[in-house]
Amino acid sequence: MRTRFAPNPDFLIHLGNARPSILSYEYAKMYKGKFILRFEDTDPKTKPPLPEAYSAIKEDLRWLGIRWDEEYIQSLRMEIYYSIARELIGVRGAYVDLCDKKEFLKYKIGMKPCPHRNTATEINLELWDKMVSNYFEEGDAVLRVKTDLSHPDPSLRDWVAFRIINTEVNPHPIVGSKYVVWPTYNYAAGVDDHLMSITHILRGKEHSVNTLKQKYLYDHLGWEYPEVINLGRLKLEGFILSKSKIKELMVRHPKVFKSADDIRFGTIASLRNRGILSETIRKVILEVGVKVSDATISWDNIAAINRKLLDLEVKRLMFVAHPVEVLVRHVPERLSSVTIPLHPTNKRLGGREVRVNIDNGNLTVLLDSRDVQTFKDVGVIRLMEFMNVKYVSEGDGKVLGEFISTDLSDAKKFRAPIIQWVPYGGYVKVLIVKPEGLKLIKVAGYGEAYMKTLMVGEVVQLVRYGFIKVVKSGGKIIKAIYIHD
RNA sequence: GCCGCGGUAGUAUAGCCCGGUCAAGUAUGCGGGCCUUUCGAGCCCGUGACCCGGGUUCAAAUCCCGGCCGCGGCACCA
C-alpha cells in the first residue's frame, strides 16, 4: 500500500486538507505501507506557488503528526513529464493542437475531432519538440490527450495535458524561466501516481471527474489506475476554510487580517495558533472518516475534545473579568501567604504562593461583579482555596464581608459557592481576545500575579472562565487568546 | 442547463455491501442527579434520528423504482 498527499504550495493547508492528508497517512500506516508527500506546483501563472508555502505545509503536516517516506516537487520533474509525453504521442494517445481555444470548443461541444487530432505521429513529435524549445507563444499550442469524444461530460473530451506558460512574465519560484511547457494537474498527477506506485488515492470528491480523465491517460500507456476513494468536503462551523475567501479578506482588509494563520480562519496554522491541539484535529478527522458525504464539524465538538486533552495537563489559575473590590474584615495575619496547587490532581504541576496584604485584619480582594451578586444573594461564599466569607453590607459602592474560617468543610456546611478571586494589589492585567466569527471580542480583566511567569504559547485554564493561550507576556499586560470554555 | 455523487437525532458518526440480533449504538449538545475547593472534568439518568412516497419480502435504515433536498464537477486551476 502506498498513499500520497499532493497539495498545491500556493497557500496554507486548512482543516479540509487535513482530511485527505491524515487519512492517507493513517491508511498507509495501518497497512505498513508508505506515505508520499508531493507538491503540485505546475501552474506558475494562475496559481503561482508561494516559496514559503512548501515549508509551511511541511510544518503543518509534521505538527499534525504526519511523517512521510518520500517527498517530491513536481516542478523538479519536468523532464520526466516531457519524456512520457513523447511516449504518449508515440502510442497516438495525444496530439499537439494548434486550434484557437474558442475554435476547439466548437469541435468539443459538437463531439467532432479537431483538424489536428489525426496529425501523423512524426509531425506531432516535431511540433511537440517545437513547443518545448520555446517556438510557440503562450496560447498557441497545447498537447491534448485523446479521449472519447462522445463522452456525455464535455469536459472529458480531449483534455489538455500541457500548455505553454510564458515564464519570463510569470517565473516559477523554484525553476524560474527554465520551462515554458507545463503539465496540467491531470497529466502530472496521473503520471506521478503511476510512477510513484501509488496504490490508493484518497482525495476530495471535487476530483471525481479527474479520475475519469486520468484513466484515459492510463489506458493509452497501458497502466493500471490506483484505487480511488473520494472524500466529502469539510466545513468548520463559524470558520472560513476556503483559500479564495481567505485571500479575498486579506486583500480587502489587510489591516484586519494580516496573515493566513489568523485565529479567525480555518487553516491548520490558525487552529494551532488558536490553541487547538493536533491530537484534537486528528481525532475529529478520524471520527469523520472515509466518506463521500460532506460534514460540518461543530466547534462544540472540537472544544469538547480539546478540553478533555487540556484539562489534565494545564495549570489552573484565577482570573476576574469585571472586578469589584470587596473588603473582608477580621482576617488573621497568618493568611498573608497561601500556597495553592496549580492543578487539583496533576501534582507534577506543583503549586504557587499567593501573597495578600492584610492590614489590621482588613483584606481587599477583587471578585467578579456577577459573583458579588451571588455573594449578596447567598450570604456566604468561599474564596477558592482560601477562606470562607460572610456578607455584611454594601455602602458607598463598597462591599463588606467578614472572615469566617478557612475550613473547606465549613463552606460545604454553608453551601457556599466557591468563587475565584484576585488579591487587591497582587494582580496583573490580562487582555483576552475572543474570536467570534470574524470579530474579535476583547475582554480586559485581572489575573493573579503568578500569571506574570507564564510563557508565550502556554495554555492555562482560568477557573470558571475558560482555557486561554498566552500570546504576550513579560510586560505590564498579559495578552491571551480565548480558546474555549 | 448538462454530467456525477450523497441524504441516520442540533452536530458528527456506527449499522447499509452480506435484509431479521436495530422498538437503531457512540460522541458532542441539551435537561436532571451524584461527586468535586470551577458554572470544568468524572459518574449516572433522561432527551433526540433512519428525507418522502411506492415496490420486493414473512421481515427493509439495509434491496429496487420515483420524487424532494443537498453537494461536487462542467478551465490551456489544482
# chains A, B, ... in the order shown; residues from 1 in each chain; ligands from 1

call {"tool": "select_by_dssp", "arguments": {"residues": "range 310-413 of chain A", "states": "strand (DSSP E or B)", "output": "PyMOL selection string"}}
result
chain A and resi 316-317+319-320+323-329+337-341+351-355+359+362-368+380-383+387-395+398-405

call {"tool": "interface_residues", "arguments": {"of": "chain B", "to": "chain A", "cutoff": "10 Å", "atoms": "only C-alpha atoms (C1' of nucleotides)", "output": "PyMOL selection string"}}
result
chain B and resi 2-7+10-13+27-29+37-41+70-78

call {"tool": "write_last_selection", "arguments": {"atoms": "C-alpha atoms (C1' of nucleotides)", "output": "short mmCIF file (atom, residue, chain, number, x, y, z; two decimals), in the first residue's frame"}}
result
data_model
loop_
_atom_site.label_atom_id
_atom_site.label_comp_id
_atom_site.auth_asym_id
_atom_site.auth_seq_id
_atom_site.Cartn_x
_atom_site.Cartn_y
_atom_site.Cartn_z
"C1'" C B 2 -25.54 19.14 -18.66
"C1'" C B 3 -22.68 15.14 -16.13
"C1'" G B 4 -21.71 12.66 -11.34
"C1'" C B 5 -22.39 11.68 -6.10
"C1'" G B 6 -24.84 11.81 -1.49
"C1'" G B 7 -29.21 12.10 2.36
"C1'" G B 10 -28.82 20.19 16.79
"C1'" U B 11 -23.75 18.42 15.08
"C1'" A B 12 -20.59 14.20 13.79
"C1'" U B 13 -20.51 9.09 13.34
"C1'" A B 27 -19.50 11.09 20.85
"C1'" U B 28 -20.92 16.01 21.47
"C1'" G B 29 -25.06 19.27 22.62
"C1'" U B 37 -12.14 23.62 46.57
"C1'" U B 38 -14.59 25.68 38.69
"C1'" C B 39 -20.58 27.15 36.01
"C1'" G B 40 -14.67 22.44 34.22
"C1'" A B 41 -13.68 17.09 34.44
"C1'" G B 70 -28.08 18.87 -0.61
"C1'" C B 71 -23.17 18.64 -2.61
"C1'" G B 72 -19.39 18.28 -6.41
"C1'" G B 73 -17.79 18.93 -11.49
"C1'" C B 74 -18.54 21.18 -16.37
"C1'" A B 75 -10.60 25.66 -17.23
"C1'" C B 76 -4.74 25.96 -21.63
"C1'" C B 77 -6.61 25.73 -11.93
"C1'" A B 78 -5.02 22.25 -8.56
#

call {"tool": "residues_around", "arguments": {"residues": "Glu353 in chain A", "least_positions_apart": "4", "cutoff": "9 Å", "atoms": "only C-alpha atoms (C1' of nucleotides)", "output": "number ranges by chain"}}
result
A: 337-341, 450

call {"tool": "atom_distance", "arguments": {"atom1": "CA of Ala85 in chain A", "atom2": "CA of Lys106 in chain A"}}
result
25.6 Å

call {"tool": "residues_around", "arguments": {"residues": "G55 in chain B", "least_positions_apart": "3", "cutoff": "12 Å", "atoms": "only C-alpha atoms (C1' of nucleotides)", "output": "short mmCIF file (atom, residue, chain, number, x, y, z; two decimals) with all heavy atoms, in the first residue's frame"}}
result
data_model
loop_
_atom_site.label_atom_id
_atom_site.label_comp_id
_atom_site.auth_asym_id
_atom_site.auth_seq_id
_atom_site.Cartn_x
_atom_site.Cartn_y
_atom_site.Cartn_z
P A B 60 -40.40 -4.72 6.54
OP1 A B 60 -40.91 -3.54 7.26
OP2 A B 60 -40.88 -5.01 5.18
"O5'" A B 60 -38.81 -4.70 6.50
"C5'" A B 60 -38.01 -4.30 7.65
"C4'" A B 60 -36.91 -3.40 7.13
"O4'" A B 60 -36.33 -4.06 5.98
"C3'" A B 60 -37.48 -2.06 6.68
"O3'" A B 60 -36.98 -0.99 7.44
"C2'" A B 60 -37.11 -1.91 5.20
"O2'" A B 60 -36.30 -0.79 5.01
"C1'" A B 60 -36.23 -3.13 4.92
N9 A B 60 -36.51 -3.83 3.66
C8 A B 60 -37.64 -3.96 2.93
N7 A B 60 -37.51 -4.65 1.82
C5 A B 60 -36.17 -4.99 1.83
C6 A B 60 -35.37 -5.73 0.94
N6 A B 60 -35.83 -6.31 -0.17
N1 A B 60 -34.06 -5.89 1.23
C2 A B 60 -33.58 -5.34 2.34
N3 A B 60 -34.24 -4.62 3.28
C4 A B 60 -35.54 -4.49 2.94
P C B 63 -28.96 -1.00 0.45
OP1 C B 63 -27.53 -1.13 0.13
OP2 C B 63 -29.63 0.31 0.41
"O5'" C B 63 -29.81 -1.99 -0.48
"C5'" C B 63 -29.23 -3.17 -0.98
"C4'" C B 63 -30.21 -3.84 -1.92
"O4'" C B 63 -31.28 -4.43 -1.13
"C3'" C B 63 -30.95 -2.88 -2.85
"O3'" C B 63 -30.16 -2.60 -4.01
"C2'" C B 63 -32.19 -3.67 -3.19
"O2'" C B 63 -31.93 -4.68 -4.13
"C1'" C B 63 -32.51 -4.31 -1.83
N1 C B 63 -33.45 -3.52 -1.01
C2 C B 63 -34.79 -3.42 -1.42
O2 C B 63 -35.13 -3.99 -2.47
N3 C B 63 -35.65 -2.70 -0.68
C4 C B 63 -35.25 -2.10 0.43
N4 C B 63 -36.15 -1.41 1.14
C5 C B 63 -33.89 -2.17 0.87
C6 C B 63 -33.03 -2.88 0.13
P C B 64 -30.37 -1.22 -4.74
OP1 C B 64 -29.29 -1.13 -5.75
OP2 C B 64 -30.55 -0.14 -3.75
"O5'" C B 64 -31.76 -1.42 -5.50
"C5'" C B 64 -31.88 -2.33 -6.58
"C4'" C B 64 -33.26 -2.20 -7.18
"O4'" C B 64 -34.24 -2.63 -6.20
"C3'" C B 64 -33.67 -0.77 -7.51
"O3'" C B 64 -33.20 -0.38 -8.79
"C2'" C B 64 -35.19 -0.88 -7.48
"O2'" C B 64 -35.71 -1.44 -8.66
"C1'" C B 64 -35.41 -1.83 -6.30
N1 C B 64 -35.64 -1.12 -5.02
C2 C B 64 -36.90 -0.57 -4.77
O2 C B 64 -37.79 -0.67 -5.63
N3 C B 64 -37.12 0.06 -3.59
C4 C B 64 -36.14 0.16 -2.69
N4 C B 64 -36.41 0.78 -1.55
C5 C B 64 -34.84 -0.38 -2.92
C6 C B 64 -34.63 -1.01 -4.09
P C B 65 -32.94 1.18 -9.07
OP1 C B 65 -32.23 1.26 -10.36
OP2 C B 65 -32.37 1.82 -7.86
"O5'" C B 65 -34.43 1.73 -9.25
"C5'" C B 65 -35.20 1.35 -10.38
"C4'" C B 65 -36.58 1.98 -10.28
"O4'" C B 65 -37.24 1.47 -9.08
"C3'" C B 65 -36.60 3.48 -10.07
"O3'" C B 65 -36.46 4.18 -11.30
"C2'" C B 65 -37.99 3.68 -9.47
"O2'" C B 65 -39.01 3.63 -10.44
"C1'" C B 65 -38.09 2.49 -8.54
N1 C B 65 -37.66 2.80 -7.16
C2 C B 65 -38.55 3.47 -6.32
O2 C B 65 -39.66 3.79 -6.76
N3 C B 65 -38.17 3.77 -5.05
C4 C B 65 -36.96 3.42 -4.62
N4 C B 65 -36.63 3.73 -3.37
C5 C B 65 -36.03 2.74 -5.46
C6 C B 65 -36.41 2.45 -6.72
P G B 66 -35.81 5.67 -11.29
OP1 G B 66 -35.59 6.06 -12.70
OP2 G B 66 -34.69 5.73 -10.32
"O5'" G B 66 -37.01 6.53 -10.69
"C5'" G B 66 -38.18 6.76 -11.46
"C4'" G B 66 -39.21 7.49 -10.63
"O4'" G B 66 -39.52 6.69 -9.46
"C3'" G B 66 -38.76 8.82 -10.05
"O3'" G B 66 -38.84 9.88 -10.98
"C2'" G B 66 -39.76 9.00 -8.91
"O2'" G B 66 -41.01 9.41 -9.37
"C1'" G B 66 -39.84 7.56 -8.37
N9 G B 66 -38.86 7.36 -7.30
C8 G B 66 -37.65 6.69 -7.36
N7 G B 66 -37.01 6.69 -6.23
C5 G B 66 -37.83 7.40 -5.36
C6 G B 66 -37.65 7.73 -3.99
O6 G B 66 -36.71 7.46 -3.25
N1 G B 66 -38.72 8.47 -3.50
C2 G B 66 -39.83 8.85 -4.24
N2 G B 66 -40.75 9.56 -3.59
N3 G B 66 -40.01 8.54 -5.51
C4 G B 66 -38.97 7.82 -6.00
#

call {"tool": "residues_around", "arguments": {"residues": "G67 in chain B", "least_positions_apart": "2", "cutoff": "12 Å", "atoms": "only C-alpha atoms (C1' of nucleotides)", "output": "short mmCIF file (atom, residue, chain, number, x, y, z; two decimals) with N, CA, C and O atoms (P, O5', C5', C4', C3', O3' and C1' of nucleotides), in the first residue's frame"}}
result
data_model
loop_
_atom_site.label_atom_id
_atom_site.label_comp_id
_atom_site.auth_asym_id
_atom_site.auth_seq_id
_atom_site.Cartn_x
_atom_site.Cartn_y
_atom_site.Cartn_z
P C B 51 -33.30 8.74 5.95
"O5'" C B 51 -34.52 9.76 5.87
"C5'" C B 51 -34.49 10.99 6.59
"C4'" C B 51 -35.40 11.97 5.90
"C3'" C B 51 -36.64 11.33 5.28
"O3'" C B 51 -37.70 11.27 6.22
"C1'" C B 51 -35.54 12.69 3.67
P C B 52 -38.73 10.05 6.10
"O5'" C B 52 -39.62 10.49 4.86
"C5'" C B 52 -40.48 11.63 4.94
"C4'" C B 52 -41.20 11.81 3.62
"C3'" C B 52 -41.91 10.56 3.12
"O3'" C B 52 -43.19 10.44 3.70
"C1'" C B 52 -40.63 11.50 1.35
P G B 53 -43.79 8.98 3.90
"O5'" G B 53 -44.11 8.52 2.40
"C5'" G B 53 -45.11 9.21 1.65
"C4'" G B 53 -45.14 8.69 0.24
"C3'" G B 53 -45.21 7.17 0.12
"O3'" G B 53 -46.52 6.70 0.38
"C1'" G B 53 -43.65 8.01 -1.45
P G B 54 -46.76 5.17 0.58
"O5'" G B 54 -46.93 4.75 -0.94
"C5'" G B 54 -46.89 3.40 -1.28
"C4'" G B 54 -46.35 3.23 -2.68
"C3'" G B 54 -45.81 1.85 -2.91
"O3'" G B 54 -46.87 0.94 -3.17
"C1'" G B 54 -44.21 3.39 -3.65
P C B 65 -32.94 1.18 -9.07
"O5'" C B 65 -34.43 1.73 -9.25
"C5'" C B 65 -35.20 1.35 -10.38
"C4'" C B 65 -36.58 1.98 -10.28
"C3'" C B 65 -36.60 3.48 -10.07
"O3'" C B 65 -36.46 4.18 -11.30
"C1'" C B 65 -38.09 2.49 -8.54
P C B 69 -36.48 20.46 -4.47
"O5'" C B 69 -35.40 20.28 -3.31
"C5'" C B 69 -35.67 20.75 -1.98
"C4'" C B 69 -34.63 20.19 -1.04
"C3'" C B 69 -33.19 20.51 -1.38
"O3'" C B 69 -32.81 21.80 -0.95
"C1'" C B 69 -33.36 18.22 -0.89
#
